[in-house]
file my_file_21.pdb (PDB, C-alpha atoms)
ATOM      1  CA  MET A   1      27.503   4.658 -14.996
ATOM      2  CA  GLN A   2      25.877   5.260 -18.363
ATOM      3  CA  GLU A   3      24.413   8.700 -19.106
ATOM      4  CA  LYS A   4      20.926   7.196 -19.441
ATOM      5  CA  ASP A   5      21.130   5.598 -15.985
ATOM      6  CA  PHE A   6      22.516   8.823 -14.553
ATOM      7  CA  LEU A   7      19.593  10.852 -15.901
ATOM      8  CA  GLU A   8      17.102   8.350 -14.451
ATOM      9  CA  LYS A   9      18.848   8.517 -11.090
ATOM     10  CA  MET A  10      18.854  12.319 -11.119
ATOM     11  CA  ALA A  11      15.107  12.336 -11.851
ATOM     12  CA  GLU A  12      14.694  10.160  -8.755
ATOM     13  CA  ILE A  13      17.020  12.240  -6.596
ATOM     14  CA  MET A  14      15.318  15.498  -7.515
ATOM     15  CA  ASP A  15      11.888  13.795  -7.682
ATOM     16  CA  THR A  16      11.113  15.672 -10.871
ATOM     17  CA  GLU A  17       8.955  14.862 -13.840
ATOM     18  CA  ALA A  18      10.802  17.412 -15.990
ATOM     19  CA  GLU A  19      12.463  16.111 -19.151
ATOM     20  CA  LEU A  20      16.135  15.882 -18.331
ATOM     21  CA  SER A  21      19.117  15.829 -20.667
ATOM     22  CA  MET A  22      22.824  16.132 -20.048
ATOM     23  CA  ASP A  23      22.591  19.789 -21.109
ATOM     24  CA  THR A  24      19.759  20.624 -18.710
ATOM     25  CA  VAL A  25      20.705  23.670 -16.646
ATOM     26  CA  LEU A  26      20.307  22.876 -12.957
ATOM     27  CA  LYS A  27      18.852  26.216 -11.969
ATOM     28  CA  ASP A  28      16.095  25.679 -14.540
ATOM     29  CA  VAL A  29      14.916  22.566 -12.690
ATOM     30  CA  GLU A  30      12.477  23.651  -9.996
ATOM     31  CA  GLU A  31      13.307  20.641  -7.835
ATOM     32  CA  TRP A  32      17.093  21.268  -7.765
ATOM     33  CA  ASP A  33      17.098  22.650  -4.243
ATOM     34  CA  SER A  34      19.099  22.251  -1.040
ATOM     35  CA  LEU A  35      17.576  18.819  -0.341
ATOM     36  CA  SER A  36      18.385  17.586  -3.860
ATOM     37  CA  TYR A  37      21.906  18.940  -3.429
ATOM     38  CA  VAL A  38      22.364  16.904  -0.229
ATOM     39  CA  ALA A  39      20.802  13.852  -1.897
ATOM     40  CA  PHE A  40      23.272  14.170  -4.771
ATOM     41  CA  LEU A  41      26.208  14.344  -2.345
ATOM     42  CA  ALA A  42      24.922  11.233  -0.553
ATOM     43  CA  PHE A  43      24.446   9.400  -3.843
ATOM     44  CA  GLY A  44      27.865  10.511  -5.067
ATOM     45  CA  ALA A  45      29.518   9.174  -1.928
ATOM     46  CA  THR A  46      28.204   5.712  -2.772
ATOM     47  CA  ILE A  47      29.428   5.493  -6.370
ATOM     48  CA  ALA A  48      32.041   8.150  -7.207
ATOM     49  CA  LYS A  49      35.619   7.036  -7.659
ATOM     50  CA  GLU A  50      36.946  10.125  -5.934
ATOM     51  CA  LYS A  51      35.554  12.307  -3.179
ATOM     52  CA  ILE A  52      33.040  14.793  -4.461
ATOM     53  CA  TRP A  53      33.609  18.219  -2.990
ATOM     54  CA  PRO A  54      30.585  20.322  -2.025
ATOM     55  CA  ALA A  55      32.119  23.395  -3.663
ATOM     56  CA  ASP A  56      32.303  21.563  -6.992
ATOM     57  CA  VAL A  57      28.650  20.538  -6.752
ATOM     58  CA  LYS A  58      27.667  24.106  -5.936
ATOM     59  CA  ALA A  59      29.643  25.319  -8.933
ATOM     60  CA  ALA A  60      28.019  22.820 -11.321
ATOM     61  CA  GLU A  61      25.755  24.440 -13.885
ATOM     62  CA  THR A  62      24.434  21.509 -15.907
ATOM     63  CA  LEU A  63      23.648  17.858 -15.334
ATOM     64  CA  ARG A  64      26.721  17.049 -17.387
ATOM     65  CA  ASP A  65      28.841  18.898 -14.834
ATOM     66  CA  LEU A  66      27.428  16.670 -12.071
ATOM     67  CA  TYR A  67      27.955  13.568 -14.196
ATOM     68  CA  ASN A  68      31.585  14.530 -14.735
ATOM     69  CA  LEU A  69      32.035  14.889 -10.972
ATOM     70  CA  LEU A  70      30.672  11.373 -10.451
ATOM     71  CA  MET A  71      32.957  10.007 -13.120
ATOM     72  CA  GLY A  72      35.966  11.760 -11.611
ATOM     73  CA  ASP A  73      36.373  13.982 -14.651
ATOM     74  CA  LYS A  74      36.154  17.611 -13.579
TER      75      LYS A  74
ATOM     76  CA  MET B   1     -22.917   2.302  13.625
ATOM     77  CA  LYS B   2     -20.008   4.656  13.177
ATOM     78  CA  GLU B   3     -20.742   8.276  14.081
ATOM     79  CA  VAL B   4     -17.876   9.528  11.936
ATOM     80  CA  VAL B   5     -17.571   8.242   8.397
ATOM     81  CA  PHE B   6     -15.094   9.186   5.716
ATOM     82  CA  ASP B   7     -15.708   9.619   2.014
ATOM     83  CA  PHE B   8     -12.649   8.501   0.078
ATOM     84  CA  SER B   9     -14.493   7.938  -3.194
ATOM     85  CA  GLY B  10     -12.095   8.227  -6.109
ATOM     86  CA  LYS B  11      -9.086   8.420  -3.774
ATOM     87  CA  ASN B  12      -6.171   5.996  -3.968
ATOM     88  CA  PHE B  13      -4.289   4.519  -1.021
ATOM     89  CA  VAL B  14      -1.699   1.864  -0.349
ATOM     90  CA  VAL B  15      -1.696  -0.225   2.835
ATOM     91  CA  VAL B  16       1.394  -2.256   3.700
ATOM     92  CA  GLY B  17       0.894  -5.193   6.029
ATOM     93  CA  ALA B  18      -2.701  -5.450   4.873
ATOM     94  CA  SER B  19      -3.174  -9.179   5.276
ATOM     95  CA  SER B  20      -3.805  -9.174   9.035
ATOM     96  CA  GLY B  21      -4.264  -7.130  12.200
ATOM     97  CA  MET B  22      -4.178  -3.343  11.995
ATOM     98  CA  GLY B  23      -3.312  -3.241   8.304
ATOM     99  CA  ARG B  24      -6.251  -5.395   7.374
ATOM    100  CA  GLN B  25      -8.616  -3.253   9.448
ATOM    101  CA  VAL B  26      -7.390  -0.008   7.862
ATOM    102  CA  ALA B  27      -7.538  -1.499   4.356
ATOM    103  CA  THR B  28     -11.066  -2.769   4.975
ATOM    104  CA  GLU B  29     -12.311   0.628   6.182
ATOM    105  CA  LEU B  30     -10.674   2.452   3.271
ATOM    106  CA  ILE B  31     -12.418   0.067   0.883
ATOM    107  CA  GLU B  32     -15.738   0.638   2.693
ATOM    108  CA  SER B  33     -15.138   4.397   2.375
ATOM    109  CA  GLY B  34     -14.974   4.141  -1.394
ATOM    110  CA  ALA B  35     -11.230   4.235  -2.024
ATOM    111  CA  ASN B  36      -9.147   2.273  -4.469
ATOM    112  CA  VAL B  37      -6.638   0.408  -2.330
ATOM    113  CA  LEU B  38      -3.356  -1.255  -3.151
ATOM    114  CA  ILE B  39      -2.840  -3.899  -0.484
ATOM    115  CA  VAL B  40       0.686  -5.109   0.115
ATOM    116  CA  ALA B  41       1.859  -8.087   2.157
ATOM    117  CA  ARG B  42       3.884 -11.265   1.873
ATOM    118  CA  ASN B  43       0.970 -13.667   2.089
ATOM    119  CA  MET B  44      -0.890 -13.857  -1.239
ATOM    120  CA  LYS B  45      -3.675 -16.096   0.082
ATOM    121  CA  ARG B  46      -4.607 -13.633   2.811
ATOM    122  CA  LEU B  47      -4.412 -10.713   0.398
ATOM    123  CA  GLU B  48      -6.930 -12.527  -1.804
ATOM    124  CA  GLU B  49      -9.290 -12.678   1.192
ATOM    125  CA  VAL B  50      -9.139  -8.886   1.566
ATOM    126  CA  LYS B  51      -9.543  -8.415  -2.169
ATOM    127  CA  ALA B  52     -12.739 -10.455  -2.041
ATOM    128  CA  LEU B  53     -14.347  -7.547  -0.124
ATOM    129  CA  ALA B  54     -14.503  -5.336  -3.215
ATOM    130  CA  SER B  55     -12.504  -6.875  -5.980
ATOM    131  CA  GLU B  56     -12.852  -4.057  -8.512
ATOM    132  CA  ARG B  57     -11.298  -1.469  -6.192
ATOM    133  CA  VAL B  58      -8.670  -3.624  -4.521
ATOM    134  CA  HIS B  59      -5.282  -4.234  -6.079
ATOM    135  CA  ILE B  60      -2.666  -6.621  -4.769
ATOM    136  CA  ALA B  61       1.113  -6.534  -4.579
ATOM    137  CA  CYS B  62       2.930  -9.413  -2.919
ATOM    138  CA  LEU B  63       6.108  -7.840  -1.525
ATOM    139  CA  ASP B  64       8.457  -8.367   1.393
ATOM    140  CA  VAL B  65       9.252  -5.029   3.047
ATOM    141  CA  VAL B  66      12.826  -6.106   3.772
ATOM    142  CA  SER B  67      13.925  -8.192   0.815
ATOM    143  CA  SER B  68      11.920  -6.749  -2.074
ATOM    144  CA  SER B  69      13.993  -4.577  -4.381
ATOM    145  CA  HIS B  70      13.531  -0.919  -5.251
ATOM    146  CA  GLU B  71      12.478  -2.065  -8.724
ATOM    147  CA  GLU B  72       9.724  -4.280  -7.271
ATOM    148  CA  TRP B  73       8.363  -1.399  -5.176
ATOM    149  CA  ASP B  74       8.470   0.912  -8.191
ATOM    150  CA  LYS B  75       6.607  -1.605 -10.336
ATOM    151  CA  ALA B  76       3.865  -2.029  -7.730
ATOM    152  CA  PHE B  77       3.253   1.729  -7.534
ATOM    153  CA  ALA B  78       3.593   2.265 -11.289
ATOM    154  CA  ASP B  79       1.022  -0.477 -12.017
ATOM    155  CA  PHE B  80      -1.406   0.924  -9.429
ATOM    156  CA  ALA B  81      -1.011   4.496 -10.704
ATOM    157  CA  ALA B  82      -1.544   3.350 -14.291
ATOM    158  CA  LYS B  83      -4.837   1.685 -13.320
ATOM    159  CA  VAL B  84      -6.409   4.186 -10.916
ATOM    160  CA  GLY B  85      -4.205   7.295 -10.773
ATOM    161  CA  LYS B  86      -1.686   8.661  -8.309
ATOM    162  CA  LEU B  87      -1.696   7.889  -4.610
ATOM    163  CA  ASN B  88      -3.484  10.136  -2.109
ATOM    164  CA  GLY B  89      -1.666   8.451   0.729
ATOM    165  CA  GLY B  90      -0.496   5.283   2.368
ATOM    166  CA  VAL B  91      -0.267   3.368   5.611
ATOM    167  CA  TYR B  92       2.655   1.259   6.788
ATOM    168  CA  THR B  93       1.716  -1.268   9.449
ATOM    169  CA  ALA B  94       4.368  -3.948   8.939
ATOM    170  CA  GLY B  95       6.076  -4.954  12.152
ATOM    171  CA  ILE B  96       7.023  -7.880  14.350
ATOM    172  CA  THR B  97       7.444  -8.141  18.074
ATOM    173  CA  GLY B  98       9.337 -10.541  20.295
ATOM    174  CA  CYS B  99      11.315 -10.924  23.443
ATOM    175  CA  THR B 100      14.674  -9.109  23.167
ATOM    176  CA  PRO B 101      16.036  -8.432  26.665
ATOM    177  CA  LEU B 102      19.419  -6.721  27.047
ATOM    178  CA  LYS B 103      21.131  -9.751  28.572
ATOM    179  CA  ALA B 104      20.066 -12.299  26.015
ATOM    180  CA  TYR B 105      18.637 -11.085  22.732
ATOM    181  CA  ASP B 106      18.728 -12.858  19.408
ATOM    182  CA  GLU B 107      20.698 -10.618  17.041
ATOM    183  CA  ASN B 108      18.814 -11.829  13.992
ATOM    184  CA  LEU B 109      15.450 -11.133  15.595
ATOM    185  CA  ALA B 110      16.669  -7.722  16.754
ATOM    186  CA  LYS B 111      17.857  -6.844  13.248
ATOM    187  CA  SER B 112      14.561  -8.019  11.749
ATOM    188  CA  MET B 113      12.644  -5.703  14.063
ATOM    189  CA  MET B 114      14.725  -2.701  13.009
ATOM    190  CA  ASP B 115      14.599  -3.704   9.345
ATOM    191  CA  ILE B 116      10.839  -4.214   9.220
ATOM    192  CA  SER B 117       9.716  -1.256  11.358
ATOM    193  CA  VAL B 118      12.301   1.345  10.375
ATOM    194  CA  ALA B 119      14.212   0.516   7.187
ATOM    195  CA  GLY B 120      11.134  -1.025   5.544
ATOM    196  CA  GLY B 121       8.999   1.972   6.446
ATOM    197  CA  VAL B 122      11.533   4.439   5.096
ATOM    198  CA  LYS B 123      11.978   2.446   1.882
ATOM    199  CA  PHE B 124       8.197   2.405   1.488
ATOM    200  CA  MET B 125       8.080   6.184   1.957
ATOM    201  CA  GLN B 126      10.903   6.771  -0.504
ATOM    202  CA  HIS B 127       8.864   5.173  -3.272
ATOM    203  CA  ALA B 128       5.321   5.995  -2.178
ATOM    204  CA  THR B 129       5.961   9.769  -2.051
ATOM    205  CA  ARG B 130       7.534  10.117  -5.502
ATOM    206  CA  LYS B 131       5.942  12.667  -7.765
ATOM    207  CA  LYS B 132       5.305  10.106 -10.474
ATOM    208  CA  TYR B 133       3.262   7.900  -8.122
ATOM    209  CA  ALA B 134       1.821  10.284  -5.532
ATOM    210  CA  ASP B 135      -0.268  13.439  -5.604
ATOM    211  CA  ALA B 136       0.677  16.669  -3.927
ATOM    212  CA  GLY B 137      -1.061  16.641  -0.549
ATOM    213  CA  ALA B 138      -0.766  12.884  -0.125
ATOM    214  CA  SER B 139      -0.833  11.759   3.519
ATOM    215  CA  TYR B 140       0.996   8.841   5.113
ATOM    216  CA  VAL B 141       0.726   7.062   8.455
ATOM    217  CA  ILE B 142       3.349   4.746   9.937
ATOM    218  CA  PHE B 143       2.688   2.471  12.886
ATOM    219  CA  SER B 144       4.699   2.901  16.061
ATOM    220  CA  SER B 145       3.752   1.741  19.587
ATOM    221  CA  VAL B 146       3.376   3.001  23.153
ATOM    222  CA  ALA B 147       6.406   0.783  23.823
ATOM    223  CA  ALA B 148       8.458   3.618  22.316
ATOM    224  CA  TYR B 149       7.390   5.868  25.228
ATOM    225  CA  GLU B 150       7.188   3.329  28.019
ATOM    226  CA  GLY B 151      10.272   1.231  27.256
ATOM    227  CA  PRO B 152       8.959  -1.934  28.892
ATOM    228  CA  LYS B 153      11.470  -4.494  30.145
ATOM    229  CA  GLY B 154      12.223  -7.376  27.813
ATOM    230  CA  ILE B 155      11.341  -5.882  24.425
ATOM    231  CA  LEU B 156      14.344  -3.642  23.953
ATOM    232  CA  PHE B 157      14.585  -3.796  20.178
ATOM    233  CA  TYR B 158      10.849  -3.523  19.618
ATOM    234  CA  ALA B 159      10.757  -0.355  21.720
ATOM    235  CA  ALA B 160      13.895   1.004  20.037
ATOM    236  CA  ALA B 161      12.556   0.328  16.548
ATOM    237  CA  LYS B 162       9.241   2.023  17.334
ATOM    238  CA  GLY B 163      11.064   4.999  18.865
ATOM    239  CA  ALA B 164      13.109   5.275  15.689
ATOM    240  CA  VAL B 165       9.858   5.517  13.752
ATOM    241  CA  HIS B 166       9.001   8.745  15.605
ATOM    242  CA  SER B 167      12.352  10.300  14.707
ATOM    243  CA  ALA B 168      12.164   9.128  11.097
ATOM    244  CA  VAL B 169       8.668  10.599  10.775
ATOM    245  CA  ARG B 170       9.890  13.996  11.977
ATOM    246  CA  VAL B 171      12.660  14.044   9.365
ATOM    247  CA  MET B 172      10.488  12.750   6.534
ATOM    248  CA  SER B 173       7.720  15.239   7.316
ATOM    249  CA  LYS B 174      10.164  18.023   6.494
ATOM    250  CA  GLU B 175      11.632  16.343   3.435
ATOM    251  CA  ILE B 176       8.221  15.806   1.781
ATOM    252  CA  SER B 177       6.463  18.992   2.901
ATOM    253  CA  HIS B 178       7.273  21.110  -0.147
ATOM    254  CA  ARG B 179       4.500  19.357  -2.077
ATOM    255  CA  GLY B 180       2.064  19.513   0.810
ATOM    256  CA  GLN B 181       2.641  15.848   1.546
ATOM    257  CA  ARG B 182       2.346  14.802   5.188
ATOM    258  CA  VAL B 183       3.442  11.925   7.381
ATOM    259  CA  ASN B 184       2.486  11.070  10.953
ATOM    260  CA  SER B 185       2.720   8.029  13.180
ATOM    261  CA  VAL B 186       0.282   6.380  15.547
ATOM    262  CA  SER B 187       1.302   4.604  18.740
ATOM    263  CA  PRO B 188      -1.300   2.082  19.801
ATOM    264  CA  GLY B 189      -1.412   0.504  23.230
ATOM    265  CA  TRP B 190      -2.271  -3.140  23.744
ATOM    266  CA  ILE B 191      -4.435  -4.195  20.798
ATOM    267  CA  GLN B 192      -5.822  -7.674  20.416
ATOM    268  CA  THR B 193      -4.349  -8.949  17.132
ATOM    269  CA  GLU B 194      -2.745 -12.094  15.845
ATOM    270  CA  MET B 195       0.718 -10.560  16.385
ATOM    271  CA  THR B 196       0.130  -9.646  20.029
ATOM    272  CA  THR B 197      -1.580 -12.963  20.790
ATOM    273  CA  THR B 198       1.354 -14.872  19.310
ATOM    274  CA  TYR B 199       3.727 -12.785  21.424
ATOM    275  CA  LEU B 200       1.814 -13.494  24.643
ATOM    276  CA  ASP B 201       1.828 -17.206  23.888
ATOM    277  CA  SER B 202       5.551 -17.126  23.183
ATOM    278  CA  VAL B 203       6.397 -15.640  26.571
ATOM    279  CA  GLY B 204       3.726 -17.558  28.489
ATOM    280  CA  VAL B 205       1.749 -14.570  29.741
ATOM    281  CA  ASP B 206      -1.926 -15.111  30.504
ATOM    282  CA  LYS B 207      -4.288 -12.529  29.056
ATOM    283  CA  GLU B 208      -5.473 -11.758  32.575
ATOM    284  CA  GLU B 209      -1.958 -10.709  33.518
ATOM    285  CA  ILE B 210      -1.602  -8.012  30.854
ATOM    286  CA  HIS B 211      -1.446  -4.596  32.371
ATOM    287  CA  THR B 212      -3.798  -2.497  30.269
ATOM    288  CA  GLY B 213      -5.041   1.038  30.618
ATOM    289  CA  PRO B 214      -8.286   2.192  32.209
ATOM    290  CA  LEU B 215     -10.184   1.326  29.041
ATOM    291  CA  GLY B 216      -8.846  -2.224  28.818
ATOM    292  CA  VAL B 217      -7.528  -4.044  25.765
ATOM    293  CA  GLY B 218      -8.164  -2.337  22.443
ATOM    294  CA  THR B 219      -9.307  -3.611  19.082
ATOM    295  CA  PRO B 220      -8.033  -2.633  15.632
ATOM    296  CA  GLN B 221     -11.232  -0.575  15.176
ATOM    297  CA  ASP B 222     -10.210   1.560  18.153
ATOM    298  CA  VAL B 223      -7.159   2.758  16.235
ATOM    299  CA  SER B 224      -8.279   2.805  12.603
ATOM    300  CA  GLY B 225     -10.472   5.894  13.030
ATOM    301  CA  MET B 226      -7.444   8.057  13.828
ATOM    302  CA  VAL B 227      -5.583   6.597  10.847
ATOM    303  CA  LEU B 228      -8.398   7.433   8.443
ATOM    304  CA  PHE B 229      -8.655  10.937   9.917
ATOM    305  CA  LEU B 230      -4.922  11.532   9.412
ATOM    306  CA  LEU B 231      -5.215  10.315   5.812
ATOM    307  CA  SER B 232      -8.118  12.675   5.155
ATOM    308  CA  ASN B 233      -8.041  16.321   4.126
ATOM    309  CA  ARG B 234      -9.446  17.246   7.558
ATOM    310  CA  ALA B 235      -5.902  16.661   8.831
ATOM    311  CA  LYS B 236      -4.120  18.688   6.151
ATOM    312  CA  TRP B 237      -2.297  20.876   8.683
ATOM    313  CA  ILE B 238      -1.017  17.963  10.758
ATOM    314  CA  THR B 239       2.394  16.496  10.033
ATOM    315  CA  GLY B 240       5.469  15.094  11.759
ATOM    316  CA  GLN B 241       3.470  14.083  14.851
ATOM    317  CA  ASP B 242       2.831  10.921  16.790
ATOM    318  CA  PHE B 243      -0.609  10.073  18.166
ATOM    319  CA  VAL B 244      -0.985   7.813  21.184
ATOM    320  CA  ILE B 245      -4.123   5.661  21.130
ATOM    321  CA  ASP B 246      -3.855   3.446  24.167
ATOM    322  CA  GLY B 247      -7.054   3.380  26.236
ATOM    323  CA  GLY B 248      -5.318   5.562  28.818
ATOM    324  CA  TYR B 249      -2.463   3.118  29.327
ATOM    325  CA  LEU B 250       0.488   5.548  29.466
ATOM    326  CA  ASN B 251      -1.328   7.924  31.793
ATOM    327  CA  ALA B 252      -2.070   5.102  34.192
ATOM    328  CA  ARG B 253       1.536   3.935  34.505
TER     329      ARG B 253
END

call {"tool": "encode", "arguments": {"input": "my_file_21.pdb", "output": "structure tokens"}}
result
Amino acid sequence: MQEKDFLEKMAEIMDTEAELSMDTVLKDVEEWDSLSYVAFLAFGATIAKEKIWPADVKAAETLRDLYNLLMGDK
Amino acid sequence: MKEVVFDFSGKNFVVVGASSGMGRQVATELIESGANVLIVARNMKRLEEVKALASERVHIACLDVVSSSHEEWDKAFADFAAKVGKLNGGVYTAGITGCTPLKAYDENLAKSMMDISVAGGVKFMQHATRKKYADAGASYVIFSSVAAYEGPKGILFYAAAKGAVHSAVRVMSKEISHRGQRVNSVSPGWIQTEMTTTYLDSVGVDKEEIHTGPLGVGTPQDVSGMVLFLLSNRAKWITGQDFVIDGGYLNAR
């Protein structure tokens, strides 16, 4: 998945109109909440090469961290 | 003359399944109440008939609730929002009925019922509630049926699909509530529409044989008032509920 497609998907998952970049800090996005977290896990389960662990998602600080989880590159 | 009228001037709604039956009635009343309405159905010719009521405020999207892609749904809402602004709500009336008894049901028909009533409704909600297309406070109504409560013999998958709508509405009401958005369902009893007439003909039941409630067979107008109320700001503290509108049918069973 390209970074551009990932950012579009994350805007959908979080249902945010905020400008997102790979360096966006998750806790700065108002819509990154428990429902978005679950939605990301569900999305990840459909495309990630390896299982995405909840603890790793909780530890993620930026969108790039989430992208790396999807790509199997911690 | 209606004793209760709604003023939806400047408000924007989408109605899915707007070419006939309940959807057409709701779309027509929203148009009469001043709203801009995006009407969605598979049949372009029939959509054009509805559009003829008030062409400047009616917009058309020809989509199939099962086979249309996420991109096609997005485009329909993006085009509508670009023309008139974000949605204030939407109504999902798409559904089919048919004979599906336990001992001998058609798997394809059964799957279509679940796909159209449940999966199609959820897909509609996923797109129609997005921040980029819908206002905070937007209200949605999805059609269920008294069959979900009664569980009549012979229409197993119809009843199951409509019951699933109730459960889906409860979940979605929580998932969209943070922006003040709401979703409810309505469960009509026996309403005289093209769909129900076709069903009666298909199973060879005479109209006189239909067991109706104390108030007899209903019309689409008997249900649309509740739908418009739920869409309005008078219902802004109502979400995750189902409303039975059945002429007393369930009580009389």

call {"tool": "residues_around", "arguments": {"input": "my_file_21.pdb", "residues": "stretch 90-102 of chain B", "least_positions_apart": "4", "cutoff": "6 Å", "atoms": "all atoms listed in the file", "output": "compact mmCIF listing (two decimals) with C-alpha atoms, keeping the file's coordinate frame"}}
result
# COMPACT_ATOMS: atom_id res chain seq x y z
CA PHE B 13 -4.29 4.52 -1.02
CA VAL B 14 -1.70 1.86 -0.35
CA VAL B 15 -1.70 -0.22 2.84
CA VAL B 16 1.39 -2.26 3.70
CA GLY B 17 0.89 -5.19 6.03
CA GLY B 23 -3.31 -3.24 8.30
CA ILE B 116 10.84 -4.21 9.22
CA SER B 117 9.72 -1.26 11.36
CA TYR B 140 1.00 8.84 5.11
CA VAL B 141 0.73 7.06 8.46
CA ILE B 142 3.35 4.75 9.94
CA PHE B 143 2.69 2.47 12.89
CA GLY B 154 12.22 -7.38 27.81
CA ILE B 155 11.34 -5.88 24.42
CA LEU B 156 14.34 -3.64 23.95
CA TYR B 158 10.85 -3.52 19.62

call {"tool": "interface_residues", "arguments": {"input": "my_file_21.pdb", "of": "chain B", "to": "chain A", "cutoff": "7 Å", "atoms": "all atoms listed in the file", "output": "mmCIF file with C-alpha atoms, in the coordinates of the input"}}
result
data_model
loop_
_atom_site.group_PDB
_atom_site.id
_atom_site.type_symbol
_atom_site.label_atom_id
_atom_site.label_comp_id
_atom_site.auth_asym_id
_atom_site.auth_seq_id
_atom_site.Cartn_x
_atom_site.Cartn_y
_atom_site.Cartn_z
ATOM 1 C CA ARG B 130 7.534 10.117 -5.502
ATOM 2 C CA LYS B 131 5.942 12.667 -7.765
ATOM 3 C CA LYS B 132 5.305 10.106 -10.474
#

call {"tool": "closest_residue", "arguments": {"input": "my_file_21.pdb", "among": "A:Asp33, A:Tyr67, A:Gly72, A:Ser21", "to": "A:Lys49", "atoms": "only C-alpha atoms"}}
result
A:Gly72

call {"tool": "residues_around", "arguments": {"input": "my_file_21.pdb", "residues": "stretch 25-27 of chain B", "least_positions_apart": "4", "cutoff": "8 Å", "atoms": "all atoms listed in the file", "output": "PyMOL selection string"}}
result
chain B and resi 15+18+20-21+31+37+39+220-221+224+227-228

call {"tool": "resolve_selection", "arguments": {"input": "my_file_21.pdb", "expression": "the PyMOL selection byres ((chain B and resi 246-253) around 9)", "output": "number ranges by chain"}}
result
B: 146, 149-150, 187-191, 211-218, 222-223, 244-245

call {"tool": "resolve_selection", "arguments": {"input": "my_file_21.pdb", "expression": "the PyMOL selection byres ((chain A and resi 41) around 10)", "output": "list in words"}}
result
Leu35, Ser36, Tyr37, Val38, Ala39, Phe40, Ala42, Phe43, Gly44, Ala45, Thr46, Ala48, Lys51, Ile52, Trp53, Pro54, Val57 and Leu70 of chain A

call {"tool": "closest_residue", "arguments": {"input": "my_file_21.pdb", "among": "A:Leu20, A:Ala11, A:Leu26, A:Met1", "to": "A:Asp65", "atoms": "only C-alpha atoms"}}
result
A:Leu26

call {"tool": "residues_near_point", "arguments": {"input": "my_file_21.pdb", "point": "(11.0, 5.1, 18.1)", "cutoff": "10 Å", "atoms": "all atoms listed in the file", "output": "short mmCIF file (atom, residue, chain, number, x, y, z; two decimals) with C-alpha atoms, keeping the file's coordinate frame"}}
result
data_model
loop_
_atom_site.label_atom_id
_atom_site.label_comp_id
_atom_site.auth_asym_id
_atom_site.auth_seq_id
_atom_site.Cartn_x
_atom_site.Cartn_y
_atom_site.Cartn_z
CA SER B 117 9.72 -1.26 11.36
CA VAL B 118 12.30 1.34 10.38
CA SER B 144 4.70 2.90 16.06
CA SER B 145 3.75 1.74 19.59
CA VAL B 146 3.38 3.00 23.15
CA ALA B 147 6.41 0.78 23.82
CA ALA B 148 8.46 3.62 22.32
CA TYR B 149 7.39 5.87 25.23
CA GLY B 151 10.27 1.23 27.26
CA PHE B 157 14.58 -3.80 20.18
CA TYR B 158 10.85 -3.52 19.62
CA ALA B 159 10.76 -0.36 21.72
CA ALA B 160 13.90 1.00 20.04
CA ALA B 161 12.56 0.33 16.55
CA LYS B 162 9.24 2.02 17.33
CA GLY B 163 11.06 5.00 18.86
CA ALA B 164 13.11 5.28 15.69
CA VAL B 165 9.86 5.52 13.75
CA HIS B 166 9.00 8.74 15.60
CA SER B 167 12.35 10.30 14.71
CA ALA B 168 12.16 9.13 11.10
CA VAL B 169 8.67 10.60 10.78
CA SER B 187 1.30 4.60 18.74
#

call {"tool": "atom_distance", "arguments": {"input": "my_file_21.pdb", "atom1": "atom CA of A:Ala60", "atom2": "atom CA of A:Val25"}}
result
9.1 Å

call {"tool": "closest_residue", "arguments": {"input": "my_file_21.pdb", "among": "B:Asp64, B:Glu194, B:Asp135, B:Glu48", "to": "B:Asp115", "atoms": "all atoms listed in the file"}}
result
B:Asp64

call {"tool": "atom_distance", "arguments": {"input": "my_file_21.pdb", "atom1": "atom CA of A:Ala59", "atom2": "atom CA of A:Ile47"}}
result
20.0 Å

call {"tool": "residues_around", "arguments": {"input": "my_file_21.pdb", "residues": "B:Glu72", "least_positions_apart": "5", "cutoff": "10 Å", "atoms": "all atoms listed in the file", "output": "PyMOL selection string"}}
result
chain B and resi 61-64+67+77-78

call {"tool": "residues_near_point", "arguments": {"input": "my_file_21.pdb", "point": "(0.6, 7.5, -9.8)", "cutoff": "12 Å", "atoms": "only C-alpha atoms", "output": "VMD selection string"}}
result
(chain A and resid 17) or (chain B and resid 11 to 14 38 74 to 89 127 to 136 138)

call {"tool": "atom_distance", "arguments": {"input": "my_file_21.pdb", "atom1": "atom CA of B:Ala52", "atom2": "atom CA of B:Tyr199"}}
result
28.8 Å
